[in-house]
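Take a look at the structure set out below.
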Amino acid sequence: MKKTHIILLLLIAASIVVLISYTGDLTTYETIASAREKEGKFVNLIAKIDKTQPLVYDAIKDPNYLTFTAVDTLGNSIKVIYHNNKPTDMEKSERLVLKGKVQNGQFECKDILLKCPSKYKDNPNSIDKSQTTYSN
Amino acid sequence: MNYIGEHLWLGQAGHIFNLVSFVASVVATIAFFFGGVADPNDPNAKSWIKIGRIFFLVEAICVFATFSLLYVIISNHYFEYKYAYMHSDKSLQPEYLLSCFWEGQEGSFMLWSFWHCVLGIVIMLTAKKWEAGVMSVISFAQVLLASMVLGVYLFGHKIGSSPFSLLRNEMDWPILSRPDYLTLIKDGTGLNTLLQNYWMVIHPPILFLGFASTIVPFGYAMAGFMRKSHDWLKSAIPWASFSAAILGLGIMMGAAWAYESLSFGGYWAWDPVENASLVPWLTLVAGLHTNMIAKSTGYSLRPTYFFYIVSFLLILYSTFLTRSGILGDTSVHAFTDLGMNTQLLVFLLIFVIPAFTIFAIRYRSIPSIAKEEATSSREFWMFIGSLVLFLAGMVIIAKTSTPVANKLFGTNIAPPEDPEFAHNQIQIFVAIVLGLLTAGTQFLKYKYTDTKQFVKNIFWPVLAAAIISLLIAFFGDVNYTKKGPVFLFAIHLAIFTAVYAVTGNLSYIWLVLKGKLKAAGASVAHVGFGMILLGILISSAKKTVLSWNTTGITPLAQAAPGDKNPAGNPAENLTLFKGVETDMGKFMVNYKRDTLNVEDRKKYYEISFKAKDGSESFNLYPDVIKNNKGMEGFAANPASKHYWYKDIFVYITSFQQNDASDTTRFVDKDIKVGDTIYYSNGLMVLKSVSINPASKKDLLLPGETALFLDVDVTARDGRKYAAMPGIAIDNSSIRQISDTVVAQSLVLQFNKVIDQDKGILQMGVKESGAITDLITLKVYEFPMINILWLGVVVMVIGFVMSIIQRYKFLKSKLTIS
């Protein structure tokens, strides 16, 4: 056997080990109910903002504190706390991917990924709609 | 029905050009293929090639024409075309008109196709006996790219999405059935604000040229199979170098764009879209190195075929990943789904399956040397390096492909908690190995190297690298302890190898090449690569947050750096009130004013930075631009203060503006010196009354006498503010000079003197919820980031030098023979 072959095998083996160990780091997409069952475990929650509940972000009091209620497709809801600024398009997003963990019945969020309505699905009303101004 | 005001001939011409370019590239593919498999001396081959050339030129003219037509449509705001409506508006500055091309999928396919045409013409002029083979591959790719923008229905299936489709055919809005609908569509939905940036004018064309150019080495490999001959190696090297240079430059320009205009606070985030273009670069560079080996020694010919094939297929795979919408949950900037996933998959598989099949069938016939490489030979270590590049790429792409696995196997895999670290902890070791190989392998000779000579050669560069990296370790303050001591050690080791890559290649130019720069292209590119590694390592490991929120305003998040709040997130946002100086670590920062620039529709904020030690003060102007496309909010563009050794980087995370008219009224209170008045959020004490105080002289007109109240405001959180409302008295009139405590939304006004003898005065107190303009911002410091950018420039220069050198060599060879 050639030594290039040995090295080839070793490196491929190393890559496979790396990828297998990576699977240990992977997390899962969860619903609110299943995330509650896995309290303390880092998960990805797919949900949207519950518009009937208040979304609190007051930069005067604390620019690193956002809280709102998320609701998923099954109708469950949970209070979310995010220690960062409010992502700008948040109210408009139709779906959120919340990364974090459930702690004491609340979702301590580390990162928020917004899914905004596709620009290819614009509705005709938006033509005449005047632009809304940004406010908290 | 007759619609008013439409410019239909442009679109009709565009459709025709699209169709012609599709048909012409089919003919060109067939003609070049027959020319490619035939014996070069066969007269039939020559006539096949002639036909191929004619049809390819027709195709190229059509592509250039569709490009121009679409530009006319966009620049004249013909909103009857969906593409113009969706991707531009009237207020767009002319310099961004081209950017509309790459906002949509159709336009970016056209850009890709455009570059294939340019590259094809260069190949036809220069490739000589490999022309037919390479051109048949390019023409075939053009068939598929043309099909992407056809927009025709075939047996009920839509093939492609045309950039010339009309709004009224695509949308079923009621108004579109009116003959005068164009008068109702006042403006387009505009170009995405993130693309309104100068990097976005130049980065996509360069990146797409990089993408497009990977087809040339792939084409050479395929041409080799067609002709059953493998002496294309010399001709492919300049093309592979060109591709690696341009693709690398395009990727790093994307990084520069992310750094300058995106607010994720950095230049690289291991985002799937970034990975998808990095991985083909890694395999292409691997192929370039094995190509060098194969040309010089005959070893590694099979891997060369493999790497060139894989690089192009990875470009197609990345196209599929970024355009199919499959990355939706993991990427922040993939394209949206156009409903063309089947076609994209066909585009991918129609290359993958035949390419790998031919490779497998012909594998045995590709010459390979039975005797193995000597351990002391350059080819051995170059091959190892290529292998490491390739496997590193495979690890990255495997991680990036988890959404594909979810789709295929119905699994539920999400990215890890810290996706960046998941990549970093592996790639740091790749960086260490690559740094060492980049530095040392140059000193090895092909076939066999004398150990003594080798040790002598590498002694000084190793010593220099060791000294420099030890200095960095002891005085550089690289203390990235967040991920444990092993990772920190790996960072320092990688810094050593990166420095070694620089010193090693510099001394190679000096000692071995004796300073002959003409021959030093590869070494210069390697120096650049070393600098890139070094810049990445230091700027990432030493990135610090300057806007740690330690003010009393935030009782919940008074975390010191290192302390963890419940979510493990630092409190990186700092609130600034307009006109109020705020403490931020080394600096006092002040949000002074803001202006709306009508030209680029951006709102600029003037933020002043004053070093507490008095060493410097400067202003930065981060801006925000109102989002379009029906999205609320705004996009923030960072601003940076550049030093040679670091960047101070600031961007606005939110702002609040007082637009509402103030409806609250003053409440009048009688007060004496020493009295206390309460307001909703604290109390204020009147300390003294002063007549004509020197500090307020600027506010007075000549001839006025003024009385000022010296008031101390103490907020509930213990913060103190001073306020000095006053009155100015002229012979005939009284003028009030009110004062505000912005942070407390307080306005104080000195109304009048009620009883001079008893010292009773009247003060108006107004509390308003809406007087405070404020912003929240994040400020970072990136040390040594300039090494990274400079490294990119040096690397590209190195590539260009080696391309010129190889091209001259090829030419001289040709004239001799």
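Labeling convention for the structure tokens: chains A, B, ... as they appear, residues from 1 per chain, ligands from 1 in order of appearance.
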Just want the 8 Å neighbourhood of B:Ser261, counted on only C-alpha atoms, with same-chain residues fewer than 6 positions away dropped. Output as a PyMOL selection string. chain B and resi 194+197+636-638
Take the selection from the previous step and output its residues with C-alpha atoms, as an mmCIF file, in the first residue's frame.
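Generated file (again_12.cif):
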data_model
loop_
_atom_site.group_PDB
_atom_site.id
_atom_site.type_symbol
_atom_site.label_atom_id
_atom_site.label_comp_id
_atom_site.auth_asym_id
_atom_site.auth_seq_id
_atom_site.Cartn_x
_atom_site.Cartn_y
_atom_site.Cartn_z
ATOM 1 C CA LEU B 194 -29.270 45.847 1.206
ATOM 2 C CA ASN B 197 -24.388 49.674 -1.701
ATOM 3 C CA ALA B 636 -28.686 49.844 8.979
ATOM 4 C CA ASN B 637 -25.387 50.594 7.283
ATOM 5 C CA PRO B 638 -22.396 50.590 9.581
#
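By only C-alpha atoms, and with residues fewer than 4 positions from B:Val20 along its chain excluded, the set lying at most 9 Å from it is His15, Ile16, Ala24, Ser25, Val58, Glu59 and Cys62 of chain B.
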Generate a file of the selected residues that holds N, CA and C atoms, formatted as a PDB file, in the first residue's frame.
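File written: again_13.pdb
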ATOM      1  N   HIS B  15     -37.859  38.305 -25.986  1.00  0.00           N
ATOM      2  CA  HIS B  15     -38.283  36.907 -26.095  1.00  0.00           C
ATOM      3  C   HIS B  15     -37.638  36.229 -27.300  1.00  0.00           C
ATOM      4  N   ILE B  16     -37.648  36.953 -28.416  1.00  0.00           N
ATOM      5  CA  ILE B  16     -37.085  36.366 -29.643  1.00  0.00           C
ATOM      6  C   ILE B  16     -35.587  36.089 -29.461  1.00  0.00           C
ATOM      7  N   ALA B  24     -29.510  28.569 -30.907  1.00  0.00           N
ATOM      8  CA  ALA B  24     -28.137  28.697 -31.396  1.00  0.00           C
ATOM      9  C   ALA B  24     -27.166  27.934 -30.504  1.00  0.00           C
ATOM     10  N   SER B  25     -27.389  27.951 -29.177  1.00  0.00           N
ATOM     11  CA  SER B  25     -26.429  27.233 -28.338  1.00  0.00           C
ATOM     12  C   SER B  25     -26.608  25.726 -28.469  1.00  0.00           C
ATOM     13  N   VAL B  58     -23.581  34.007 -32.714  1.00  0.00           N
ATOM     14  CA  VAL B  58     -24.987  34.402 -32.772  1.00  0.00           C
ATOM     15  C   VAL B  58     -25.584  34.393 -31.369  1.00  0.00           C
ATOM     16  N   GLU B  59     -25.294  33.314 -30.658  1.00  0.00           N
ATOM     17  CA  GLU B  59     -25.807  33.169 -29.305  1.00  0.00           C
ATOM     18  C   GLU B  59     -25.310  34.316 -28.423  1.00  0.00           C
ATOM     19  N   CYS B  62     -27.081  37.508 -29.119  1.00  0.00           N
ATOM     20  CA  CYS B  62     -28.422  37.476 -28.521  1.00  0.00           C
ATOM     21  C   CYS B  62     -28.373  37.759 -27.022  1.00  0.00           C
TER      22      CYS B  62
END
Quick one: pick out all alpha helix (DSSP H) residues within chain A from a backbone DSSP run and write them as a VMD selection string. chain A and resid 3 to 25 32 to 37
For the residues in the current selection, export N, CA and C atoms as a PDB file, in the first residue's frame.
ATOM      1  N   LYS A   3       2.026   5.127   0.611  1.00  0.00           N
ATOM      2  CA  LYS A   3       1.793   5.976   1.782  1.00  0.00           C
ATOM      3  C   LYS A   3       0.777   7.072   1.482  1.00  0.00           C
ATOM      4  N   THR A   4       0.673   7.483   0.187  1.00  0.00           N
ATOM      5  CA  THR A   4      -0.389   8.452  -0.129  1.00  0.00           C
ATOM      6  C   THR A   4      -1.757   7.847   0.157  1.00  0.00           C
ATOM      7  N   HIS A   5      -1.875   6.531  -0.110  1.00  0.00           N
ATOM      8  CA  HIS A   5      -3.158   5.881   0.167  1.00  0.00           C
ATOM      9  C   HIS A   5      -3.450   5.846   1.648  1.00  0.00           C
ATOM     10  N   ILE A   6      -2.385   5.587   2.426  1.00  0.00           N
ATOM     11  CA  ILE A   6      -2.577   5.540   3.884  1.00  0.00           C
ATOM     12  C   ILE A   6      -3.021   6.912   4.391  1.00  0.00           C
ATOM     13  N   ILE A   7      -2.303   7.932   3.901  1.00  0.00           N
ATOM     14  CA  ILE A   7      -2.661   9.289   4.344  1.00  0.00           C
ATOM     15  C   ILE A   7      -4.067   9.653   3.893  1.00  0.00           C
ATOM     16  N   LEU A   8      -4.392   9.262   2.664  1.00  0.00           N
ATOM     17  CA  LEU A   8      -5.731   9.486   2.136  1.00  0.00           C
ATOM     18  C   LEU A   8      -6.780   8.886   3.063  1.00  0.00           C
ATOM     19  N   LEU A   9      -6.549   7.626   3.425  1.00  0.00           N
ATOM     20  CA  LEU A   9      -7.509   6.940   4.301  1.00  0.00           C
ATOM     21  C   LEU A   9      -7.593   7.628   5.657  1.00  0.00           C
ATOM     22  N   LEU A  10      -6.411   7.995   6.197  1.00  0.00           N
ATOM     23  CA  LEU A  10      -6.397   8.646   7.513  1.00  0.00           C
ATOM     24  C   LEU A  10      -7.194   9.946   7.477  1.00  0.00           C
ATOM     25  N   LEU A  11      -6.938  10.753   6.413  1.00  0.00           N
ATOM     26  CA  LEU A  11      -7.621  12.051   6.334  1.00  0.00           C
ATOM     27  C   LEU A  11      -9.124  11.873   6.142  1.00  0.00           C
ATOM     28  N   ILE A  12      -9.491  10.892   5.298  1.00  0.00           N
ATOM     29  CA  ILE A  12     -10.928  10.659   5.102  1.00  0.00           C
ATOM     30  C   ILE A  12     -11.555  10.192   6.415  1.00  0.00           C
ATOM     31  N   ALA A  13     -10.832   9.312   7.116  1.00  0.00           N
ATOM     32  CA  ALA A  13     -11.336   8.851   8.413  1.00  0.00           C
ATOM     33  C   ALA A  13     -11.514  10.040   9.358  1.00  0.00           C
ATOM     34  N   ALA A  14     -10.512  10.950   9.348  1.00  0.00           N
ATOM     35  CA  ALA A  14     -10.589  12.127  10.222  1.00  0.00           C
ATOM     36  C   ALA A  14     -11.820  12.967   9.858  1.00  0.00           C
ATOM     37  N   SER A  15     -12.052  13.138   8.539  1.00  0.00           N
ATOM     38  CA  SER A  15     -13.203  13.934   8.120  1.00  0.00           C
ATOM     39  C   SER A  15     -14.502  13.307   8.585  1.00  0.00           C
ATOM     40  N   ILE A  16     -14.546  11.962   8.491  1.00  0.00           N
ATOM     41  CA  ILE A  16     -15.784  11.284   8.906  1.00  0.00           C
ATOM     42  C   ILE A  16     -15.996  11.448  10.408  1.00  0.00           C
ATOM     43  N   VAL A  17     -14.882  11.313  11.167  1.00  0.00           N
ATOM     44  CA  VAL A  17     -14.988  11.506  12.615  1.00  0.00           C
ATOM     45  C   VAL A  17     -15.490  12.921  12.914  1.00  0.00           C
ATOM     46  N   VAL A  18     -14.940  13.906  12.185  1.00  0.00           N
ATOM     47  CA  VAL A  18     -15.353  15.297  12.381  1.00  0.00           C
ATOM     48  C   VAL A  18     -16.851  15.453  12.122  1.00  0.00           C
ATOM     49  N   LEU A  19     -17.300  14.850  11.030  1.00  0.00           N
ATOM     50  CA  LEU A  19     -18.721  14.990  10.685  1.00  0.00           C
ATOM     51  C   LEU A  19     -19.617  14.266  11.684  1.00  0.00           C
ATOM     52  N   ILE A  20     -19.131  13.098  12.162  1.00  0.00           N
ATOM     53  CA  ILE A  20     -19.950  12.379  13.146  1.00  0.00           C
ATOM     54  C   ILE A  20     -20.030  13.170  14.444  1.00  0.00           C
ATOM     55  N   SER A  21     -18.878  13.757  14.840  1.00  0.00           N
ATOM     56  CA  SER A  21     -18.911  14.546  16.079  1.00  0.00           C
ATOM     57  C   SER A  21     -19.784  15.777  15.895  1.00  0.00           C
ATOM     58  N   TYR A  22     -19.857  16.256  14.650  1.00  0.00           N
ATOM     59  CA  TYR A  22     -20.710  17.413  14.363  1.00  0.00           C
ATOM     60  C   TYR A  22     -22.174  17.077  14.607  1.00  0.00           C
ATOM     61  N   THR A  23     -22.552  15.834  14.284  1.00  0.00           N
ATOM     62  CA  THR A  23     -23.952  15.465  14.495  1.00  0.00           C
ATOM     63  C   THR A  23     -24.324  15.571  15.971  1.00  0.00           C
ATOM     64  N   GLY A  24     -23.318  15.423  16.852  1.00  0.00           N
ATOM     65  CA  GLY A  24     -23.587  15.594  18.272  1.00  0.00           C
ATOM     66  C   GLY A  24     -23.949  17.020  18.634  1.00  0.00           C
ATOM     67  N   ASP A  25     -23.410  17.979  17.855  1.00  0.00           N
ATOM     68  CA  ASP A  25     -23.685  19.395  18.127  1.00  0.00           C
ATOM     69  C   ASP A  25     -25.021  19.847  17.553  1.00  0.00           C
ATOM     70  N   ILE A  32     -43.633  24.390  20.388  1.00  0.00           N
ATOM     71  CA  ILE A  32     -43.552  24.929  21.744  1.00  0.00           C
ATOM     72  C   ILE A  32     -43.748  23.817  22.776  1.00  0.00           C
ATOM     73  N   ALA A  33     -44.701  22.929  22.514  1.00  0.00           N
ATOM     74  CA  ALA A  33     -44.966  21.864  23.473  1.00  0.00           C
ATOM     75  C   ALA A  33     -43.747  20.949  23.644  1.00  0.00           C
ATOM     76  N   SER A  34     -43.125  20.580  22.517  1.00  0.00           N
ATOM     77  CA  SER A  34     -41.993  19.663  22.634  1.00  0.00           C
ATOM     78  C   SER A  34     -40.766  20.370  23.203  1.00  0.00           C
ATOM     79  N   ALA A  35     -40.681  21.699  22.970  1.00  0.00           N
ATOM     80  CA  ALA A  35     -39.569  22.445  23.555  1.00  0.00           C
ATOM     81  C   ALA A  35     -39.720  22.520  25.073  1.00  0.00           C
ATOM     82  N   ARG A  36     -40.953  22.667  25.528  1.00  0.00           N
ATOM     83  CA  ARG A  36     -41.188  22.703  26.984  1.00  0.00           C
ATOM     84  C   ARG A  36     -40.772  21.384  27.629  1.00  0.00           C
ATOM     85  N   GLU A  37     -41.005  20.291  26.900  1.00  0.00           N
ATOM     86  CA  GLU A  37     -40.618  18.980  27.451  1.00  0.00           C
ATOM     87  C   GLU A  37     -39.104  18.873  27.572  1.00  0.00           C
TER      88      GLU A  37
END
Give me the residues of chain A that have any atom at most 6 Å from an atom of chain B; for each, the nearest atom pair and the distance in Å, rounded to one decimal. Use only C-alpha atoms, sort by chain and number, and format it as a Markdown table.
| residue | atom | partner | partner_atom | distance |
| --- | --- | --- | --- | --- |
| A:Asp25 | CA | B:Pro416 | CA | 5.2 |
| A:Leu26 | CA | B:Pro416 | CA | 4.3 |
| A:Thr27 | CA | B:Ala414 | CA | 4.9 |
| A:Thr28 | CA | B:Ala414 | CA | 4.7 |
| A:Tyr29 | CA | B:Ala414 | CA | 5.9 |
| A:Lys61 | CA | B:Thr554 | CA | 5.7 |
| A:Asp62 | CA | B:Thr554 | CA | 4.6 |
| A:Pro63 | CA | B:Asn573 | CA | 5.7 |
| A:Asn64 | CA | B:Ala571 | CA | 5.7 |
| A:Thr88 | CA | B:Gly633 | CA | 5.1 |
| A:Asp89 | CA | B:Glu632 | CA | 5.2 |
| A:Glu108 | CA | B:Ala567 | CA | 5.4 |
| A:Lys110 | CA | B:Ala567 | CA | 5.8 |
| A:Tyr134 | CA | B:Gly633 | CA | 5.3 |
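Distance-wise, atom CA of B:Ile251 and atom CA of B:Tyr71 end up 25.5 Å apart.
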When you look at B:Gly440 with a cut-off of 12 Å (counting only C-alpha atoms), what residues show up, excluding the ones that are within fewer than 6 positions of it in the same chain? I need them as number ranges by chain. B: 376-378, 381-382, 385, 433-434, 454-462, 497-498, 500-508, 523, 526
Residues just named, written with N, CA and C atoms as a CSV table (one decimal), in the first residue's frame:
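Now in result_19.csv:
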chain,number,residue,atom,x,y,z
B,376,SER,N,10.3,13.1,0.3
B,376,SER,CA,11.0,14.4,0.3
B,376,SER,C,10.7,15.2,-0.9
B,377,SER,N,9.7,14.8,-1.7
B,377,SER,CA,9.4,15.5,-3.0
B,377,SER,C,8.3,16.5,-2.8
B,378,ARG,N,8.4,17.5,-3.7
B,378,ARG,CA,7.4,18.6,-3.6
B,378,ARG,C,6.0,18.0,-4.0
B,381,TRP,N,4.0,16.5,-1.0
B,381,TRP,CA,3.3,17.4,0.0
B,381,TRP,C,2.3,18.3,-0.7
B,382,MET,N,2.5,18.6,-2.0
B,382,MET,CA,1.5,19.4,-2.7
B,382,MET,C,0.2,18.6,-2.8
B,385,GLY,N,-1.5,18.6,0.5
B,385,GLY,CA,-2.2,19.9,0.7
B,385,GLY,C,-3.5,20.0,-0.1
B,433,VAL,N,-2.5,23.3,9.2
B,433,VAL,CA,-1.9,22.4,8.2
B,433,VAL,C,-1.6,23.2,6.9
B,434,LEU,N,-2.5,24.0,6.4
B,434,LEU,CA,-2.3,24.7,5.2
B,434,LEU,C,-1.2,25.7,5.3
B,454,PHE,N,17.3,21.7,2.5
B,454,PHE,CA,16.0,22.0,2.9
B,454,PHE,C,16.0,22.7,4.3
B,455,VAL,N,16.6,22.0,5.2
B,455,VAL,CA,16.7,22.5,6.6
B,455,VAL,C,17.3,23.9,6.6
B,456,LYS,N,18.4,24.0,5.8
B,456,LYS,CA,19.1,25.3,5.7
B,456,LYS,C,18.2,26.4,5.2
B,457,ASN,N,17.4,26.0,4.2
B,457,ASN,CA,16.5,27.0,3.6
B,457,ASN,C,15.4,27.5,4.5
B,458,ILE,N,14.8,26.5,5.3
B,458,ILE,CA,13.7,26.9,6.1
B,458,ILE,C,14.1,27.4,7.4
B,459,PHE,N,15.4,27.4,7.8
B,459,PHE,CA,15.7,27.8,9.1
B,459,PHE,C,15.3,29.2,9.5
B,460,TRP,N,15.8,30.1,8.6
B,460,TRP,CA,15.5,31.5,8.9
B,460,TRP,C,14.0,31.9,8.9
B,461,PRO,N,13.3,31.5,7.9
B,461,PRO,CA,11.8,31.8,8.0
B,461,PRO,C,11.1,31.2,9.2
B,462,VAL,N,11.5,30.0,9.6
B,462,VAL,CA,10.9,29.4,10.8
B,462,VAL,C,11.2,30.2,12.0
B,497,THR,N,1.7,29.4,12.1
B,497,THR,CA,1.8,28.9,10.7
B,497,THR,C,1.5,29.9,9.7
B,498,ALA,N,0.5,30.8,10.0
B,498,ALA,CA,0.2,31.9,9.0
B,498,ALA,C,1.3,32.8,8.8
B,500,TYR,N,4.4,32.0,9.3
B,500,TYR,CA,5.4,31.2,8.7
B,500,TYR,C,5.1,31.2,7.2
B,501,ALA,N,3.8,31.1,6.8
B,501,ALA,CA,3.5,31.1,5.4
B,501,ALA,C,4.0,32.4,4.7
B,502,VAL,N,3.9,33.5,5.4
B,502,VAL,CA,4.3,34.8,4.9
B,502,VAL,C,5.8,34.8,4.8
B,503,THR,N,6.5,34.5,5.9
B,503,THR,CA,8.0,34.6,6.0
B,503,THR,C,8.6,33.6,5.0
B,504,GLY,N,8.0,32.4,5.0
B,504,GLY,CA,8.6,31.3,4.2
B,504,GLY,C,8.6,31.7,2.7
B,505,ASN,N,7.4,32.2,2.3
B,505,ASN,CA,7.3,32.6,0.8
B,505,ASN,C,8.1,33.8,0.5
B,506,LEU,N,8.2,34.7,1.4
B,506,LEU,CA,9.0,35.9,1.2
B,506,LEU,C,10.5,35.5,1.0
B,507,SER,N,11.0,34.6,1.9
B,507,SER,CA,12.4,34.2,1.8
B,507,SER,C,12.6,33.3,0.6
B,508,TYR,N,11.5,32.6,0.2
B,508,TYR,CA,11.7,31.8,-1.1
B,508,TYR,C,12.0,32.7,-2.2
B,523,SER,N,4.6,32.5,-5.3
B,523,SER,CA,5.0,32.8,-4.0
B,523,SER,C,4.3,34.0,-3.5
B,526,HIS,N,1.0,33.0,-2.4
B,526,HIS,CA,1.0,32.4,-1.1
B,526,HIS,C,1.2,33.3,0.0
Leaving out B:Gly528 and any residue of its chain fewer than 5 positions from it, which residues lie within 10 Å of it when counting only C-alpha atoms, given as a list in words? Ala501, Val502, Asn505, Ala522, Ser523, Leu533, Leu534, Ile787, Leu788, Trp789, Leu790, Gly791, Val792, Val793, Val794, Met795, Val796, Ile797, Gly798 and Phe799 of chain B
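Near B:Val673, within a cut-off of 7 Å and counting only C-alpha atoms, sit the residues Leu686, Lys687 and Ser688 of chain B, with same-chain residues fewer than 6 positions away left out.
For A:Thr73, the non-local neighbours within 12 Å, defined as residues at least 6 positions apart in the same chain or in other chains and counting only C-alpha atoms, are A:Glu30, A:Thr31, A:Ile32, A:Ala33, A:Leu45, A:Ile46, A:Ala47, A:Lys48, A:Ile49, A:Asp50, A:Glu94, A:Arg95, A:Leu96.
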Considering only C-alpha atoms, return as a VMD selection string whatever protein or nucleic-acid residues lie within 12 Å of stretch 318-321 of chain B, sequence-local ones (same chain, fewer than 3 positions apart) excluded. chain B and resid 105 108 to 109 112 145 208 211 to 212 271 to 281 310 to 315 324 to 328 330 to 331 333 to 338 340 to 349 397 400 to 405
